[in-house]
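Structure, as structure tokens:
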Amino acid sequence: SMAIDDIYDEHEQGERVREWIRRNAVGLLGGIILGLALIFGWQMWQKHREGQRVEAGNQFQAALNAAASGDFEQARARIAELRGDTYPVLAALDLAKAQLAAGDTQGAIDTLRSAPASDPALEPVRRHRLALLLIEAGEAGEAVQLLAGSDEPAALEALGDAHHALGQREQAAHAYASALERLGEEAPQGRLLELKLIDAGGQPAQSGAI
């Protein structure tokens with residue numbers, strides 16, 4: 001009797017399972033289809049993203065090629081089409097360098113001015129290069145505004161140069177002293193900074209208070 005009960009239970013359980021499957025078949029099938037759709041969709045999305053990356057890389061390379069060949073108009077147009085945070089800034093830095101090499105300082109200034117401040121790692125580089133060009137072009141006031149709040153030694157040195165160009169010797173000395181402080185004593189550019197500091201009326205720390 002026990003064995004018959006077990007068989008009946010198994011049969012009943014089997015029926016219950018079949019009944020559950022019948023009731024939930026559409027849901028199960030839907031789940032499988034949804035799962036497949038998600039997997040397929042994800043793969044398509046990945047391919048799309050990869051395609052975008054390749055296209056962005058190609059556009060970036062085209063901008064660099066135009067700058068290298070001296071077609072600055074074409075390079076500017078290519079850069080304007082670039083998407084993302086990094087590519088437009090990198091391409092602008094490269095174009096500005098090419099313009100400078102070709103003797104077009106104002107073009108380089110315009111390029112760096114219009115470059116986006118979108119990449120935190122590249123923004124100090126863009127500001128520093130632009131500031132140096134502005135000082136050279138007699139626009140030291142804009143360079144001071146640009147470098148306000150900088151704490152990199154190179155940027156502080158450029159800030160000192162900008163103040164010096166404006167005849168603001170005290171602010172220049174302060175910027176040079178801050179740059180020296182952050183550089184450390186062994187840095188090769190330290191000697192030049194000391195000379196700039198002395199020229200601005202300051203004194204290097206070793207010689208006493210500034």
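Following the order of the structure tokens, chains are lettered A, B, ..., residues in each are numbered from 1, and ligands are numbered from 1.
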> Skipping near chain neighbours, those fewer than 5 positions away, what residues fall within 10 Å of A:Ala67 using only C-alpha atoms, listed as a ChimeraX atom specification?
Replying inline: /A:61-62,72-76,78,91-92,94-99
Would you output that residue set with N, CA, C and O atoms, as a tab-separated table (two decimals), in the first residue's frame?
```tsv
chain	number	residue	atom	x	y	z
A	61	GLN	N	41.86	61.20	-35.61
A	61	GLN	CA	43.04	61.04	-36.46
A	61	GLN	C	42.96	61.97	-37.67
A	61	GLN	O	43.96	62.57	-38.07
A	62	ALA	N	41.77	62.13	-38.22
A	62	ALA	CA	41.58	63.02	-39.37
A	62	ALA	C	41.89	64.47	-38.98
A	62	ALA	O	42.49	65.21	-39.76
A	72	PHE	N	44.69	74.18	-41.50
A	72	PHE	CA	44.14	74.52	-40.18
A	72	PHE	C	42.63	74.71	-40.21
A	72	PHE	O	41.94	74.42	-39.23
A	73	GLU	N	42.11	75.18	-41.34
A	73	GLU	CA	40.67	75.37	-41.49
A	73	GLU	C	39.95	74.02	-41.39
A	73	GLU	O	38.96	73.87	-40.67
A	74	GLN	N	40.50	73.06	-42.11
A	74	GLN	CA	39.96	71.69	-42.10
A	74	GLN	C	40.08	71.08	-40.70
A	74	GLN	O	39.14	70.43	-40.21
A	75	ALA	N	41.22	71.31	-40.06
A	75	ALA	CA	41.44	70.78	-38.71
A	75	ALA	C	40.41	71.34	-37.74
A	75	ALA	O	39.83	70.62	-36.93
A	76	ARG	N	40.15	72.67	-37.84
A	76	ARG	CA	39.15	73.30	-36.96
A	76	ARG	C	37.76	72.69	-37.18
A	76	ARG	O	37.04	72.42	-36.23
A	78	ARG	N	37.08	69.71	-38.31
A	78	ARG	CA	37.10	68.33	-37.80
A	78	ARG	C	36.96	68.33	-36.27
A	78	ARG	O	36.25	67.51	-35.69
A	91	ALA	N	42.98	67.23	-29.59
A	91	ALA	CA	43.12	67.70	-30.97
A	91	ALA	C	43.40	69.20	-31.01
A	91	ALA	O	44.20	69.67	-31.81
A	92	ALA	N	42.75	69.96	-30.11
A	92	ALA	CA	42.98	71.41	-30.05
A	92	ALA	C	44.41	71.73	-29.62
A	92	ALA	O	45.05	72.63	-30.17
A	94	ASP	N	46.96	69.87	-30.13
A	94	ASP	CA	47.81	69.51	-31.26
A	94	ASP	C	47.74	70.57	-32.36
A	94	ASP	O	48.77	70.95	-32.92
A	95	LEU	N	46.54	71.06	-32.65
A	95	LEU	CA	46.36	72.09	-33.68
A	95	LEU	C	47.09	73.37	-33.26
A	95	LEU	O	47.78	73.99	-34.09
A	96	ALA	N	46.94	73.76	-31.99
A	96	ALA	CA	47.60	74.98	-31.50
A	96	ALA	C	49.11	74.88	-31.65
A	96	ALA	O	49.77	75.85	-32.04
A	97	LYS	N	49.64	73.70	-31.38
A	97	LYS	CA	51.09	73.48	-31.52
A	97	LYS	C	51.52	73.66	-32.98
A	97	LYS	O	52.53	74.30	-33.27
A	98	ALA	N	50.72	73.09	-33.90
A	98	ALA	CA	51.01	73.22	-35.34
A	98	ALA	C	50.91	74.68	-35.80
A	98	ALA	O	51.73	75.15	-36.58
A	99	GLN	N	49.90	75.39	-35.29
A	99	GLN	CA	49.72	76.81	-35.66
A	99	GLN	C	50.90	77.63	-35.16
A	99	GLN	O	51.40	78.52	-35.87
```
Distance query A:Gln171 at most 12 Å, only C-alpha atoms, self and fewer than 3 positions along chain excluded, as a compact mmCIF listing (two decimals) with N, CA and C atoms, in the first residue's frame:
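Everything below was put into out21.txt:
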```txt
# COMPACT_ATOMS: atom_id res chain seq x y z
N VAL A 144 46.51 86.07 -16.15
CA VAL A 144 46.35 86.08 -14.69
C VAL A 144 45.00 85.49 -14.31
N ALA A 148 44.42 81.89 -12.12
CA ALA A 148 44.02 82.12 -10.73
C ALA A 148 43.65 80.79 -10.07
N LEU A 156 52.16 78.23 -11.70
CA LEU A 156 52.51 79.33 -10.78
C LEU A 156 53.64 80.18 -11.36
N GLU A 157 54.58 79.52 -12.03
CA GLU A 157 55.66 80.27 -12.68
C GLU A 157 55.09 81.16 -13.79
N ALA A 158 54.17 80.60 -14.59
CA ALA A 158 53.52 81.39 -15.65
C ALA A 158 52.71 82.53 -15.05
N LEU A 159 52.07 82.28 -13.90
CA LEU A 159 51.32 83.34 -13.22
C LEU A 159 52.27 84.46 -12.78
N GLY A 160 53.44 84.06 -12.29
CA GLY A 160 54.46 85.05 -11.93
C GLY A 160 54.90 85.85 -13.14
N ASP A 161 55.10 85.17 -14.26
CA ASP A 161 55.49 85.86 -15.51
C ASP A 161 54.42 86.87 -15.93
N ALA A 162 53.14 86.47 -15.78
CA ALA A 162 52.04 87.35 -16.17
C ALA A 162 52.00 88.59 -15.28
N HIS A 163 52.12 88.38 -13.97
CA HIS A 163 52.15 89.52 -13.04
C HIS A 163 53.35 90.44 -13.34
N HIS A 164 54.49 89.81 -13.63
CA HIS A 164 55.72 90.57 -13.92
C HIS A 164 55.51 91.43 -15.17
N ALA A 165 54.88 90.83 -16.18
CA ALA A 165 54.61 91.55 -17.44
C ALA A 165 53.69 92.75 -17.19
N LEU A 166 52.85 92.65 -16.18
CA LEU A 166 51.92 93.74 -15.85
C LEU A 166 52.53 94.74 -14.86
N GLY A 167 53.81 94.51 -14.51
CA GLY A 167 54.48 95.40 -13.56
C GLY A 167 54.07 95.16 -12.11
N GLN A 168 53.42 94.04 -11.84
CA GLN A 168 52.97 93.72 -10.47
C GLN A 168 54.04 92.84 -9.81
N HIS A 174 55.44 86.58 -5.20
CA HIS A 174 54.65 85.62 -4.42
C HIS A 174 54.40 84.35 -5.23
N ALA A 175 54.05 84.52 -6.51
CA ALA A 175 53.79 83.36 -7.38
C ALA A 175 55.06 82.53 -7.59
N TYR A 176 56.19 83.21 -7.83
CA TYR A 176 57.47 82.50 -8.01
C TYR A 176 57.85 81.74 -6.74
N ALA A 177 57.68 82.39 -5.58
CA ALA A 177 58.02 81.75 -4.30
C ALA A 177 57.14 80.51 -4.08
N SER A 178 55.86 80.62 -4.42
CA SER A 178 54.94 79.46 -4.28
C SER A 178 55.37 78.33 -5.21
N LEU A 197 62.57 85.20 -9.20
CA LEU A 197 62.10 85.68 -7.89
C LEU A 197 62.93 86.89 -7.45
N ALA A 200 62.12 89.90 -9.39
CA ALA A 200 60.83 90.50 -9.00
C ALA A 200 60.91 91.17 -7.63
N GLY A 201 62.13 91.15 -7.04
CA GLY A 201 62.31 91.83 -5.75
C GLY A 201 62.15 90.91 -4.56
N GLY A 202 61.98 89.62 -4.80
CA GLY A 202 61.86 88.66 -3.70
C GLY A 202 63.20 88.03 -3.37
N ILE A 210 61.04 86.02 2.46
CA ILE A 210 60.68 86.69 1.20
C ILE A 210 59.89 87.94 1.52
```
>> Just the number, please: distance in Å from atom CA of A:Arg22 to atom CA of A:Ile39, one decimal.
In response: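 Calculated distance between atom CA of A:Arg22 and atom CA of A:Ile39 is 26.2 Å.
Counting from atom CA of A:Ala121, the distance to atom CA of A:Gly57 is 19.0 Å.
When atom CA of A:Gln59 is paired with atom CA of A:Met44, their separation reads 22.2 Å.
Within the 10 Å cut-off around A:Val89, using only C-alpha atoms and omitting residues fewer than 2 positions from it on the same chain, the listed residues are Ile79, Leu82, Gly84, Asp85, Thr86, Tyr87, Ala91, Ala92, Leu93, Asp94, Leu95, Thr111, Leu112, Ser114, Ala115, Pro116, Ala117, Ser118, Asp119, Leu122, Glu123, Val125 and Arg126 of chain A.
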